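Enquirer: Attaching a single structure in structure tokens format; questions to follow.
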2 protein chains.
Amino acid sequence: MGKEIINIGLLGCGNVGSGVVNILSNNGAEIEGKIKTSLKIKKVLVRSLDKERPAGLEGVQLVTDAQEIITDPDIQIVVEVIGGVDRAKEFIKGALKNGKYVVTANKDLLAQHGRELFQLAQENGVSIFYEASVGGGIPIIRPLKHCLAANKILKIMGIINGTTNYILTQMTTLEMSYADALKEAQEKGFAEQDPSSDVLGKDAAYKLAILASLAFNASIEMDSIYTEGIDKVTLRDIRYAEELGYKLKLLAIGDREEEGIVLRVHPTLIPQNHPLAAVNYEFNAIFFEGDAVGEIMLYGRGAGQMPTGSAVVADIIEVARLINHQVDSDIMEVEFAPKPIKPLSSYKSKFYLRLKAIDQPGVFANLSSIFGEEKVSLDMIIQKRKVEDTAEIVLVTHHIVEENFFKAIEKIEALPAIKEISQIIRVENKE
Amino acid sequence: MGKEIINIGLLGCGNVGSGVVNILSNNGAEIEGKIKTSLKIKKVLVRSLDKERPAGLEGVQLVTDAQEIITDPDIQIVVEVIGGVDRAKEFIKGALKNGKYVVTANKDLLAQHGRELFQLAQENGVSIFYEASVGGGIPIIRPLKHCLAANKILKIMGIINGTTNYILTQMTTLEMSYADALKEAQEKGFAEQDPSSDVLGKDAAYKLAILASLAFNASIEMDSIYTEGIDKVTLRDIRYAEELGYKLKLLAIGDREEEGIVLRVHPTLIPQNHPLAAVNYEFNAIFFEGDAVGEIMLYGRGAGQMPTGSAVVADIIEVARLINHQVDSDIMEVEFAPKPIKPLSSYKSKFYLRLKAIDQPGVFANLSSIFGEEKVSLDMIIQKRKVEDTAEIVLVTHHIVEENFFKAIEKIEALPAIKEISQIIRVENKE
């Protein structure tokens, strides 16, 4: 039964592509033993034929025109690891139209054009696999689709951007400033020269869109995700957070509420004993809450050549099994429909607020009465060092509707005694 | 394509069985939407027809003779959740011989008779699913078989017994004695009245056998697993461990070494910043190291009606997909062959040693020279409170061959100045 050899066309041979080549070359025999099929890279799309050929590509045809892969009748699986949106989209569409299964690690593309591509896959009787698009080598997509299939997923909450987690970990453990930590991350290769997609939360938002689609069976538009980066986080806030029993992390969060789903990426304080609080440096972790299974966390390396390659090869193996069983694949992605989105403004959050006030009698009474008017109740208060006539006050609220909190903030800002609203950070804490 | 209704026969309707009924009744519509098939419990095996029928079983036929399920031609999936070994084995064999797929949570049975049952499944063109047998609702079996399929698994290390983890967490956080913590766990229902299978490490050893089979593609005999429980762990050791930067956990560990695999369950010190150190109370977590993916950890509730039910229903859904695609299933389990087992005595471990000695000059010199003879080098030393003429000494060694360590211990025990070897615990620490 089944094909003895399955041919793969590799679009791109950069970081992840080399990882794929590497794994198939190192572990190919063991994999062949498991699936009774030999996985062979037949052609690789490269930019130039002059560059040195990576090890493991002996006897493999290098091409500079993607059509030679997309239209090759011997190739059953096209692996897209060139990244970017436009070219990748064009190539994947071509591959699907030619009846090829597609494996991709491209989160930007799937978050923005997933619906169109899944539809096209269905029309052509094939499918798209994308385990590597979120969380690198951590098993996430397949556990969500299969292992947790019996559950209504109530919440997803993840550290899914390694760059920002590395920066925040360095700030926390070495007491570095944001600017210094970013610079060091760039020097070490953990952050790009233009770090904006990571530090502004965009990368995490793309990944959240993919996760939330699967968790909530919904088609997600990027602009329904509230996105805030870590570029305004200061060491001062990290220290206060520690004093209050929290750790500061950039979290991507999806909540299933009665009125709709709430999607957001923002710096977040989480209790120090929460499993996510122990996820440091470039590690990623995704926390799920299912109605049956309760709390689950999946942890590992969210990026890097070999971990991401591991996820891509797992997908290739899955497609090979699929091809040899000659069955239709799961096509549930095409059925994702838009779901009601609940705006963050009507969501109940807990807030950390840091502000500077002139140290004079009555300031606290003014603050309290404004909070009272907007039904904002307080959980914790720290008031410390006075510098000349200025006092710094840190507050943590109980859970309150965001709209009310920001109305209170507007009124507080207008008080003459308030010199500055220095920081506002959301807090995730069941209690 | 495919069947519109798939009929399930449920063997047993206790804790886990009721969870399965519950989940299918609550989330059945959503599941049906995903897989385009209705999952119907047709018959349930109960002990007595007089007992009250759990909610969600309206219109379901209760039977007291398993044959009515096993031989029913309308039933495609038999779910075994009665537990125990002999009856469960007999029923599963009957179901397989009648061409039914089997879903089971029975770790004792699979660890002891898995090979025979997988063989029988293959002969009958069906298969056995067992996600719930290890780690309750945590996705483990499927990620190991699929998501990490590209990897050579080098190490597995897990907290896979909730009872002992609960007891150790209570001892650590509340400074309770082992006896008190065990008693409290029994009162709260976290430990059985006869706790021996949990506290002596047997339950963890069964689960390790199942995990190691999959991770190392090996058929595992139970007697190749070194098994030591937590019944000799004292609060004193937990405190010393904390002082040395460690936490004490009952770990199940499998290592792939060149000469063979090493399998063991024992109390273990792990560094406080290791992700497993933060896994507390009844939670479970399994840590894998793959050659490509690096370090992965899967965390969640390892037991309980709904989490375990979640895993059983995930398996049922998988079987339903399989039936409707009418393909042969993965049958790799039957190919597991015995693999060389490396004895623990030749494995390199790091040890924690606590002993009592008469406080007289030269004792330490004697110890040191014995360690030197056996090539045992020391990493950390604590010597504290003298009570009358007795000093307590705590040592942590570097990595050394177990055999040598125990030779040194024998010599040390024979020294006249040594009053007692109070404790020996292995330490897992890469450095």
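Letters A, B, ... go to the chains of the structure tokens in the order shown; residues in each chain start at 1; ligands are counted from 1 in the same order.
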Write out as a ChimeraX atom specification all residues of range 130-343 of chain B that backbone DSSP assigns to helix (DSSP H, G or I).
Expert: /B:131-133,141-147,162-174,178-187,196-199,202-216,222-224,235-243,275-278,305-325,332-335
Enquirer: Would you return as a ChimeraX atom specification the members of range 119-339 of chain B that DSSP assigns to strand (DSSP E or B) on this structure's backbone?
Expert: /B:128-129,153-159,218-219,226-227,246-257,260-271,283-290,294-301,337-338
Enquirer: Please list as a list of chain:residue names every residue within 10 Å of Lys36 in chain A, counting only C-alpha atoms and excluding residues in the same chain fewer than 5 positions away.
Expert: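 Counting only the stated atoms, we get A:Met1, A:Gly2, A:Lys3, A:Glu4, A:Ile5, A:Ala29, A:Glu30, A:Ile31, A:Ala320, A:Arg321, A:Asn324.
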Enquirer: Any idea which chain A residues end up within 6 Å of chain B if we count only C-alpha atoms, as a count of residues only please?
Expert: 20
Enquirer: For Leu117 in chain B, which residue out of B:Leu49, B:Ser25, B:Val334, B:Arg264 is the nearest one, using only C-alpha atoms?
Expert: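 Looking only at the distances to Leu117 in chain B, the closest residue turns out to be B:Val334.
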Enquirer: Kindly indicate which residue among A:Ser346, A:Gln360, A:Ser377, A:Ser368 lies nearest to Asp389 in chain A, using only C-alpha atoms for the distances.
Expert: A:Gln360
Enquirer: Have a look at A:Gln272, A:Thr397, A:Ser48, A:Ser133 and name the one nearest to Leu62 in chain A; count only C-alpha atoms.
Expert: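 Among the listed residues, the smallest separation from Leu62 in chain A belongs to A:Ser48.
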Enquirer: Could you list, as a PyMOL selection string, every residue within 6 Å of range 238-255 of chain B, counting only C-alpha atoms and ignoring same-chain residues fewer than 3 positions away?
Expert: chain B and resi 155-159+235+261-272
Enquirer: Excluding Leu353 in chain B and its own-chain neighbours fewer than 3 positions away, which residues fall within 10 Å of it when counting only C-alpha atoms? Please give them as number ranges by chain.
Expert: B: 237, 350, 381, 393-397, 409, 421-426
Enquirer: Quick one: residues within 9 Å of Arg47 in chain B, only C-alpha atoms counted, chain neighbours fewer than 6 positions away excluded, as a PyMOL selection string?
Expert: chain B and resi 12-13+63-65
Enquirer: Quick one: of A:Phe336, A:Ala181, A:Ile341, A:Ala417, who's nearest to Val363 in chain A, counting only C-alpha atoms?
Expert: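 Between A:Phe336, A:Ala181, A:Ile341, A:Ala417, the residue approaching Val363 in chain A most closely is A:Ala417.
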